[in-house]
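Step one of this worksheet: look at the structure below.
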Amino acid sequence: MIEKQQIKQMQIGVLCGGLSAEREVSLKTGAAVHRALNSLGYRTEIVDVGTDLPGQLKAAGIELAFIALHGRNGEDGRVQGLLEMMQIPYTGSGVLASSLAIDKIATKQMLLYHELPTPGFEVLKTPEEADRLIKNCRHLPLVVKPSREGSTIGISIVQSIEALRHGIDTAAALDDEVLIEEFIEGRELTVSVLNGEALPVIEIVPKSGFYDFHAKYTAGQTEYLLPAPIDASIYTQIQQVSVAACEVLGCRGVARVDLMLRENEFYCLEVNTIPGMTETSLLPKAAEAAGLSFSQLAETILLEADIDK
Ligand SMILES: Nc1ncnc2c1ncn2[C@@H]1O[C@H](COP(=O)(O)OP(=O)(O)O)[C@@H](O)[C@H]1O
Ligand SMILES: [Mg+2]
């Protein structure tokens with residue numbers, strides 16, 4: 001860990017934008033973080049990440065990186081690896097945790113190994129495996145996902161064999177590995193974990209009902225319950241499992257775990273190592289409920305910046 005006084009003297013780059021599908025959200029996160037850190041007296045500037053990131057970092061004299069990129073080429077360990085090579089400390093998870101967490105299949109395998117709850121699943125790597133699954137499919141609905149996308153890109157909830165085939169094609173076009181997951185009919189939760197401690201649990205309630213998970217990305221279409229109205233003993237277990245999920249992946253700084261709750265059983269879907277931090281995102285909401293302002297949250301993440309030993 002680097003001393004706060006030292007960080008105050010450093011030139012900090014807020015890495016955002018980039019080339020992924022989540023560019024716009026990332027730019028908003030970056031702008032909000034930039035404003036917050038500047039208001040606290042840190043020397044920050046925005047770096048809109050292009051294909052010559054090393055050149056950009058050198059030209060701007062960046063000594064520490066606050067990574068505000070989402071999705072591939074940002075959240076997946078590649079930028080982290082580059083910063084390691086350049087000996088530039090950065091916020092959030094390191095190379096391995098980032099690569100594991102972006103990969104929903106690898107994440108679920110780690111969770112299973114550590115006996116943490118996640119929906120039942122199968123992995124498809126070849127068209128033959130897909131054909132076999134389609135032929136032997138007995139239970140619907142299923143959820144079909146590309147292993148390494150975010151923001152529900154390429155995800156289908158399928159209710160028929162035809163939709164299953166179509167869902168597999170969609171996911172396979174985006175990733176070599178396709179995840180077939182048990183559909184959990186229940187409530188959707190998310191838990192942010194900051195430096196090994198769970199923030200209050202948020203329940204996400206799409207107004208237009210139940211299958212329409214796209215609703216949560218349209219303003220006004222979603223209600224957030226914070227703290228989620230859940231029985232106290234289960235609430236605590238959900239927080240503990242979320243902390244453990246981040247721990248087994250080796251996450252650093254902040255991460256956000258998405259879960260489903262069905263009656264009293266809950267299941268981890270995935271871990272996001274660079275959660276959105278626009279002024280209206282879930283992580284800042286949870287932090288605020290725990291008494292941390294947006295600037296305090298940004299500073300807490302900044303002060304954990306490091307490189308692997
Ligand atoms: N197994 C599942 N059962 C029910 N709903 C699911 C399941 N998996 C995903 N979903 C729905 O799809 C959304 C996106 O899935 P998630 O695994 O979090 O991927 P990402 O957020 O990276 O797109 C979830 O927030 C949830 O609404
Ligand atoms: Mg998610």
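Residues are named by chain letter and number: chains run A, B, ... in the order of the structure tokens, numbers start at 1 in each chain, and ligands are numbered from 1 in the order shown.
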
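Close contacts of Ile102 of chain A, defined as residues with an atom at most 7 Å away when counting only C-alpha atoms, with chain neighbours fewer than 6 positions off set aside, comprise A:Glu75, A:Asp76, A:Arg148.
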
Neighbours of Val248 of chain A within 12 Å (only C-alpha atoms; same-chain residues fewer than 5 positions away dropped), as a PyMOL selection string?
chain A and resi 96-97+100-101+106-116+196+241-243+271

Give me, as a ChimeraX atom specification, the set of residues whose atoms come within 8 Å of any atom of ligand 2, counting only C-alpha atoms and all ligand atoms.
/A:150-152,257-258,269-272

Output file for the selection above: C-alpha atoms, as a PDB file, in the first residue's frame:
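Saved to part33.pdb:
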ATOM      1  CA  GLY A 150     -21.111  -7.984 -19.212  1.00  0.00           C
ATOM      2  CA  SER A 151     -24.235  -5.814 -19.136  1.00  0.00           C
ATOM      3  CA  THR A 152     -26.440  -8.782 -20.134  1.00  0.00           C
ATOM      4  CA  VAL A 257     -21.465  -9.680  -6.441  1.00  0.00           C
ATOM      5  CA  ASP A 258     -24.737 -10.360  -8.296  1.00  0.00           C
ATOM      6  CA  LEU A 269     -24.252 -15.366 -10.473  1.00  0.00           C
ATOM      7  CA  GLU A 270     -21.059 -13.412 -10.972  1.00  0.00           C
ATOM      8  CA  VAL A 271     -18.510 -11.017  -9.501  1.00  0.00           C
ATOM      9  CA  ASN A 272     -17.883  -7.616 -11.114  1.00  0.00           C
TER      10      ASN A 272
END

Residues near segment 14-23 of chain A, anyone? I mean within 7 Å using only C-alpha atoms, not counting same-chain ones fewer than 2 positions away, as a list of chain:residue names.
A:Ile12, A:Val25, A:Ser26, A:Leu27, A:Gly30, A:His34, A:Thr44, A:Glu45, A:Ile46, A:Val47, A:Asp48, A:Val49, A:Gly50, A:Ala65, A:Phe66, A:Ile67, A:Ala68, A:Leu69, A:His70, A:Gly71, A:Arg72

Expected file contents, prior selection, N, CA and C atoms, as a PDB file, in the first residue's frame:
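In the end it all went to out30.pdb:
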ATOM      1  N   ILE A  12      -2.293  11.192 -11.213  1.00  0.00           N
ATOM      2  CA  ILE A  12      -3.228  10.056 -11.269  1.00  0.00           C
ATOM      3  C   ILE A  12      -4.009  10.099 -12.575  1.00  0.00           C
ATOM      4  N   VAL A  25     -20.874   4.081 -20.296  1.00  0.00           N
ATOM      5  CA  VAL A  25     -20.969   3.973 -18.831  1.00  0.00           C
ATOM      6  C   VAL A  25     -19.607   4.279 -18.216  1.00  0.00           C
ATOM      7  N   SER A  26     -18.555   3.750 -18.845  1.00  0.00           N
ATOM      8  CA  SER A  26     -17.208   3.954 -18.344  1.00  0.00           C
ATOM      9  C   SER A  26     -16.828   5.437 -18.350  1.00  0.00           C
ATOM     10  N   LEU A  27     -17.195   6.150 -19.399  1.00  0.00           N
ATOM     11  CA  LEU A  27     -16.888   7.591 -19.459  1.00  0.00           C
ATOM     12  C   LEU A  27     -17.587   8.336 -18.320  1.00  0.00           C
ATOM     13  N   GLY A  30     -15.811   7.485 -15.110  1.00  0.00           N
ATOM     14  CA  GLY A  30     -14.535   8.201 -15.092  1.00  0.00           C
ATOM     15  C   GLY A  30     -14.709   9.666 -14.732  1.00  0.00           C
ATOM     16  N   HIS A  34     -13.171  11.413 -11.451  1.00  0.00           N
ATOM     17  CA  HIS A  34     -12.255  12.532 -11.687  1.00  0.00           C
ATOM     18  C   HIS A  34     -12.678  13.756 -10.867  1.00  0.00           C
ATOM     19  N   THR A  44      -5.601  14.566 -10.645  1.00  0.00           N
ATOM     20  CA  THR A  44      -6.098  13.523 -11.552  1.00  0.00           C
ATOM     21  C   THR A  44      -6.396  14.088 -12.937  1.00  0.00           C
ATOM     22  N   GLU A  45      -6.250  13.230 -13.903  1.00  0.00           N
ATOM     23  CA  GLU A  45      -6.747  13.589 -15.231  1.00  0.00           C
ATOM     24  C   GLU A  45      -7.365  12.366 -15.902  1.00  0.00           C
ATOM     25  N   ILE A  46      -8.264  12.653 -16.836  1.00  0.00           N
ATOM     26  CA  ILE A  46      -8.950  11.585 -17.573  1.00  0.00           C
ATOM     27  C   ILE A  46      -8.024  11.043 -18.663  1.00  0.00           C
ATOM     28  N   VAL A  47      -7.945   9.714 -18.763  1.00  0.00           N
ATOM     29  CA  VAL A  47      -7.257   9.094 -19.899  1.00  0.00           C
ATOM     30  C   VAL A  47      -8.299   8.259 -20.644  1.00  0.00           C
ATOM     31  N   ASP A  48      -8.692   8.700 -21.825  1.00  0.00           N
ATOM     32  CA  ASP A  48      -9.650   7.935 -22.631  1.00  0.00           C
ATOM     33  C   ASP A  48      -8.844   6.870 -23.380  1.00  0.00           C
ATOM     34  N   VAL A  49      -8.979   5.638 -22.924  1.00  0.00           N
ATOM     35  CA  VAL A  49      -8.063   4.571 -23.318  1.00  0.00           C
ATOM     36  C   VAL A  49      -8.219   4.182 -24.792  1.00  0.00           C
ATOM     37  N   GLY A  50      -7.123   4.270 -25.520  1.00  0.00           N
ATOM     38  CA  GLY A  50      -7.108   3.845 -26.923  1.00  0.00           C
ATOM     39  C   GLY A  50      -6.164   2.663 -27.096  1.00  0.00           C
ATOM     40  N   ALA A  65      -2.808   4.607 -11.623  1.00  0.00           N
ATOM     41  CA  ALA A  65      -4.008   4.511 -12.473  1.00  0.00           C
ATOM     42  C   ALA A  65      -5.240   4.153 -11.646  1.00  0.00           C
ATOM     43  N   PHE A  66      -6.292   4.942 -11.789  1.00  0.00           N
ATOM     44  CA  PHE A  66      -7.603   4.580 -11.249  1.00  0.00           C
ATOM     45  C   PHE A  66      -8.371   3.984 -12.426  1.00  0.00           C
ATOM     46  N   ILE A  67      -8.588   2.666 -12.403  1.00  0.00           N
ATOM     47  CA  ILE A  67      -9.198   2.020 -13.570  1.00  0.00           C
ATOM     48  C   ILE A  67     -10.722   2.093 -13.474  1.00  0.00           C
ATOM     49  N   ALA A  68     -11.308   2.798 -14.423  1.00  0.00           N
ATOM     50  CA  ALA A  68     -12.771   2.941 -14.467  1.00  0.00           C
ATOM     51  C   ALA A  68     -13.297   2.368 -15.785  1.00  0.00           C
ATOM     52  N   LEU A  69     -12.678   1.278 -16.228  1.00  0.00           N
ATOM     53  CA  LEU A  69     -13.095   0.622 -17.475  1.00  0.00           C
ATOM     54  C   LEU A  69     -13.993  -0.557 -17.125  1.00  0.00           C
ATOM     55  N   HIS A  70     -14.976  -0.831 -17.981  1.00  0.00           N
ATOM     56  CA  HIS A  70     -15.827  -1.996 -17.739  1.00  0.00           C
ATOM     57  C   HIS A  70     -15.714  -2.974 -18.905  1.00  0.00           C
ATOM     58  N   GLY A  71     -15.910  -4.252 -18.588  1.00  0.00           N
ATOM     59  CA  GLY A  71     -15.949  -5.262 -19.645  1.00  0.00           C
ATOM     60  C   GLY A  71     -14.565  -5.652 -20.126  1.00  0.00           C
ATOM     61  N   ARG A  72     -14.554  -6.222 -21.324  1.00  0.00           N
ATOM     62  CA  ARG A  72     -13.287  -6.710 -21.879  1.00  0.00           C
ATOM     63  C   ARG A  72     -12.295  -5.573 -22.068  1.00  0.00           C
TER      64      ARG A  72
END

Can you pull out the residues contacting Ala60 of chain A? Cut-off 9 Å, using only C-alpha atoms, and skip same-chain residues under 2 positions away; I want them as a PyMOL selection string.
chain A and resi 11+13+45+47+55-58+62

For the residues in the current selection, export N, CA, C and O atoms as a short mmCIF file (atom, residue, chain, number, x, y, z; two decimals), in the first residue's frame.
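Just written: again-v5.cif:
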data_model
loop_
_atom_site.label_atom_id
_atom_site.label_comp_id
_atom_site.auth_asym_id
_atom_site.auth_seq_id
_atom_site.Cartn_x
_atom_site.Cartn_y
_atom_site.Cartn_z
N GLN A 11 0.78 11.94 -10.07
CA GLN A 11 -0.10 12.25 -11.20
C GLN A 11 -0.99 11.02 -11.41
O GLN A 11 -0.49 9.93 -11.73
N GLY A 13 -4.01 8.98 -13.30
CA GLY A 13 -4.82 8.88 -14.52
C GLY A 13 -6.09 8.11 -14.22
O GLY A 13 -6.04 7.01 -13.67
N GLU A 45 -6.25 13.23 -13.90
CA GLU A 45 -6.75 13.59 -15.23
C GLU A 45 -7.36 12.37 -15.90
O GLU A 45 -7.05 11.23 -15.57
N VAL A 47 -7.95 9.71 -18.76
CA VAL A 47 -7.26 9.09 -19.90
C VAL A 47 -8.30 8.26 -20.64
O VAL A 47 -8.77 7.24 -20.11
N GLY A 55 1.73 4.62 -24.59
CA GLY A 55 2.10 5.94 -25.08
C GLY A 55 1.31 7.04 -24.39
O GLY A 55 1.84 8.07 -23.99
N GLN A 56 0.01 6.80 -24.20
CA GLN A 56 -0.84 7.79 -23.55
C GLN A 56 -0.40 8.03 -22.10
O GLN A 56 -0.35 9.16 -21.63
N LEU A 57 -0.08 6.92 -21.41
CA LEU A 57 0.31 7.03 -19.99
C LEU A 57 1.64 7.77 -19.86
O LEU A 57 1.81 8.62 -18.97
N LYS A 58 2.56 7.46 -20.77
CA LYS A 58 3.87 8.13 -20.73
C LYS A 58 3.73 9.61 -21.04
O LYS A 58 4.28 10.46 -20.34
N ILE A 62 1.62 9.67 -16.18
CA ILE A 62 0.77 9.02 -15.16
C ILE A 62 1.62 8.12 -14.25
O ILE A 62 2.38 7.28 -14.71
#

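Across A:Met1, A:Leu261, A:Leu82, A:Leu174, the tightest approach to Glu203 of chain A is made by A:Leu261 when counting only C-alpha atoms.
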
Please, which residues of segment 8-221 of chain A, numbered as in this document, come out helix (DSSP H, G or I) from DSSP, as a PyMOL selection string?
chain A and resi 8-9+23-39+53-60+78-85+95-102+104-113+127-136+161-172+213-217

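With atom CA of Ile234 of chain A on one side and atom CA of Lys207 of chain A on the other, the separation reads 24.4 Å.
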
Find the residues of chain A that sit at most 9 Å from ligand 1; for each, write down the nearest two atoms and how far apart they are in Å, to one decimal. Count only C-alpha atoms and all ligand atoms. Sort by chain, then by number going up, and give it as a tab-separated table.
residue	atom	partner	partner_atom_place_in_ligand_line	distance
A:Gly71	CA	ligand 1	22 (O)	8.5
A:Ile102	CA	ligand 1	22 (O)	8.1
A:Lys104	CA	ligand 1	17 (O)	7.4
A:Thr118	CA	ligand 1	1 (N)	8.4
A:Pro119	CA	ligand 1	1 (N)	5.8
A:Gly120	CA	ligand 1	1 (N)	8.2
A:Phe121	CA	ligand 1	1 (N)	8.7
A:Leu142	CA	ligand 1	1 (N)	7.4
A:Val143	CA	ligand 1	1 (N)	5.7
A:Val144	CA	ligand 1	8 (N)	8.1
A:Lys145	CA	ligand 1	17 (O)	7.6
A:Ser147	CA	ligand 1	22 (O)	8.8
A:Arg148	CA	ligand 1	22 (O)	7.7
A:Glu149	CA	ligand 1	22 (O)	5.8
A:Gly150	CA	ligand 1	22 (O)	3.4
A:Ser151	CA	ligand 1	23 (O)	3.9
A:Thr152	CA	ligand 1	23 (O)	2.9
A:Ile153	CA	ligand 1	23 (O)	5.8
A:Gly154	CA	ligand 1	23 (O)	7.9
A:Ile155	CA	ligand 1	23 (O)	6.7
A:Ser156	CA	ligand 1	12 (O)	8.0
A:Ile157	CA	ligand 1	6 (C)	7.5
A:Ile180	CA	ligand 1	1 (N)	8.6
A:Glu181	CA	ligand 1	1 (N)	5.3
A:Glu182	CA	ligand 1	1 (N)	5.1
A:Phe183	CA	ligand 1	3 (N)	3.7
A:Ile184	CA	ligand 1	3 (N)	3.7
A:Glu185	CA	ligand 1	4 (C)	5.7
A:Gly186	CA	ligand 1	4 (C)	7.1
A:Arg187	CA	ligand 1	4 (C)	8.6
A:Glu188	CA	ligand 1	27 (O)	6.3
A:Leu189	CA	ligand 1	25 (O)	8.1
A:Thr190	CA	ligand 1	25 (O)	8.5
A:Ile204	CA	ligand 1	25 (O)	8.6
A:Pro206	CA	ligand 1	27 (O)	9.0
A:Phe210	CA	ligand 1	27 (O)	8.6
A:Tyr211	CA	ligand 1	27 (O)	7.7
A:Asp212	CA	ligand 1	27 (O)	7.9
A:Phe213	CA	ligand 1	27 (O)	4.7
A:His214	CA	ligand 1	27 (O)	7.9
A:Lys216	CA	ligand 1	27 (O)	8.3
A:Val257	CA	ligand 1	18 (O)	8.4
A:Asp258	CA	ligand 1	18 (O)	5.6
A:Leu259	CA	ligand 1	18 (O)	7.6
A:Met260	CA	ligand 1	4 (C)	6.7
A:Tyr267	CA	ligand 1	1 (N)	8.3
A:Cys268	CA	ligand 1	17 (O)	8.6
A:Leu269	CA	ligand 1	17 (O)	4.9
A:Glu270	CA	ligand 1	17 (O)	5.4
A:Val271	CA	ligand 1	18 (O)	8.0
A:Asn272	CA	ligand 1	22 (O)	7.6

Would you give me, as a VMD selection string, the residues in segment 129-281 of chain A that DSSP reads as strand (DSSP E)?
chain A and resid 142 to 146 156 to 158 178 to 182 187 to 194 197 to 198 202 to 206 222 to 225 254 to 262 265 to 272

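Of the listed residues (A:Ser99, A:Leu226, A:Leu199, A:Ala31), A:Leu199 comes nearest to Gly291 of chain A; the distances count only C-alpha atoms.
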
I'd like the interatomic distance between atom CA of Asn38 of chain A and atom CA of Leu297 of chain A, to a tenth of an Å.
13.5 Å

Near-Glu197 of chain A list (9 Å; only C-alpha atoms; drop same-chain fewer than 5 positions) as a PyMOL selection string
chain A and resi 192+239-240+243

Output N, CA and C atoms for every residue in the selection just made, as a PDB file, in the first residue's frame.
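Final output, result-v4.pdb:
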ATOM      1  N   SER A 192     -22.132  -5.095  -2.791  1.00  0.00           N
ATOM      2  CA  SER A 192     -20.803  -4.537  -3.011  1.00  0.00           C
ATOM      3  C   SER A 192     -19.924  -4.902  -1.826  1.00  0.00           C
ATOM      4  N   GLN A 239     -24.330 -11.550   2.837  1.00  0.00           N
ATOM      5  CA  GLN A 239     -23.146 -10.675   2.910  1.00  0.00           C
ATOM      6  C   GLN A 239     -21.872 -11.510   3.095  1.00  0.00           C
ATOM      7  N   GLN A 240     -21.955 -12.529   3.950  1.00  0.00           N
ATOM      8  CA  GLN A 240     -20.758 -13.352   4.207  1.00  0.00           C
ATOM      9  C   GLN A 240     -20.319 -14.103   2.953  1.00  0.00           C
ATOM     10  N   VAL A 243     -18.663 -11.730   0.486  1.00  0.00           N
ATOM     11  CA  VAL A 243     -17.272 -11.452   0.885  1.00  0.00           C
ATOM     12  C   VAL A 243     -16.390 -12.651   0.526  1.00  0.00           C
TER      13      VAL A 243
END

Please measure the separation of atom CA of Arg262 of chain A and atom CA of Arg165 of chain A, giving the value in Å to one decimal.
26.7 Å

A:Val178, A:Val95, A:Ser295, A:His139: which is nearest Pro127 of chain A, counting only C-alpha atoms?
A:Val178

If we count only C-alpha atoms and set the cut-off at 12 Å, which residues sit around Gln5 of chain A, ignoring sequence neighbours fewer than 5 positions away in its own chain? Please answer as number ranges by chain.
A: 10, 41-42, 303

Kindly export the residues of the current selection with N, CA and C atoms, as an mmCIF file, in the first residue's frame.
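This is the output file again24.cif:
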data_model
loop_
_atom_site.group_PDB
_atom_site.id
_atom_site.type_symbol
_atom_site.label_atom_id
_atom_site.label_comp_id
_atom_site.auth_asym_id
_atom_site.auth_seq_id
_atom_site.Cartn_x
_atom_site.Cartn_y
_atom_site.Cartn_z
ATOM 1 N N MET A 10 1.200 12.385 -6.488
ATOM 2 C CA MET A 10 1.343 11.643 -7.753
ATOM 3 C C MET A 10 0.375 12.153 -8.821
ATOM 4 N N GLY A 41 -8.432 17.205 -3.657
ATOM 5 C CA GLY A 41 -7.057 17.711 -3.771
ATOM 6 C C GLY A 41 -6.083 16.755 -4.443
ATOM 7 N N TYR A 42 -6.588 15.684 -5.075
ATOM 8 C CA TYR A 42 -5.691 14.787 -5.830
ATOM 9 C C TYR A 42 -5.473 15.347 -7.231
ATOM 10 N N LEU A 303 -6.859 4.658 -2.366
ATOM 11 C CA LEU A 303 -5.793 4.434 -1.379
ATOM 12 C C LEU A 303 -5.328 2.975 -1.329
#

Might you pull out every residue within 8 Å of Glu304 of chain A, with only C-alpha atoms counted and same-chain residues fewer than 5 positions away left off, and present them as a PyMOL selection string?
chain A and resi 1-2+91-92+252-253

Export N, CA, C and O atoms of the chosen residues as a CSV table (one decimal), in the first residue's frame?
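Below you can see part-v7.csv, which holds the result:
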chain,number,residue,atom,x,y,z
A,1,MET,N,0.8,-1.2,0.0
A,1,MET,CA,0.0,0.0,0.0
A,1,MET,C,0.9,1.3,0.0
A,1,MET,O,1.9,1.3,0.6
A,2,ILE,N,0.4,2.3,-0.7
A,2,ILE,CA,1.2,3.5,-0.8
A,2,ILE,C,0.6,4.5,0.2
A,2,ILE,O,-0.6,4.6,0.4
A,91,THR,N,-5.8,0.7,-9.2
A,91,THR,CA,-6.8,0.4,-8.3
A,91,THR,C,-7.4,-0.9,-8.6
A,91,THR,O,-7.4,-1.4,-9.8
A,92,GLY,N,-8.0,-1.6,-7.6
A,92,GLY,CA,-8.9,-2.8,-7.9
A,92,GLY,C,-8.1,-4.0,-8.0
A,92,GLY,O,-6.9,-4.1,-7.6
A,252,ARG,N,-9.3,-7.4,-5.0
A,252,ARG,CA,-8.7,-6.4,-4.2
A,252,ARG,C,-9.6,-5.1,-4.3
A,252,ARG,O,-10.2,-4.9,-5.3
A,253,GLY,N,-9.6,-4.3,-3.2
A,253,GLY,CA,-10.4,-3.1,-3.3
A,253,GLY,C,-11.8,-3.3,-3.3
A,253,GLY,O,-12.4,-3.9,-2.4

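Proximity to Lys4 of chain A was assessed for A:Val201, A:Leu40, A:Ile307, A:Ala32 counting only C-alpha atoms; the smallest distance is recorded for A:Leu40.
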
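Residue nearest Cys246 of chain A, chosen from A:Met86, A:Val123, A:Leu194, A:Ala286 and counting only C-alpha atoms: A:Leu194.
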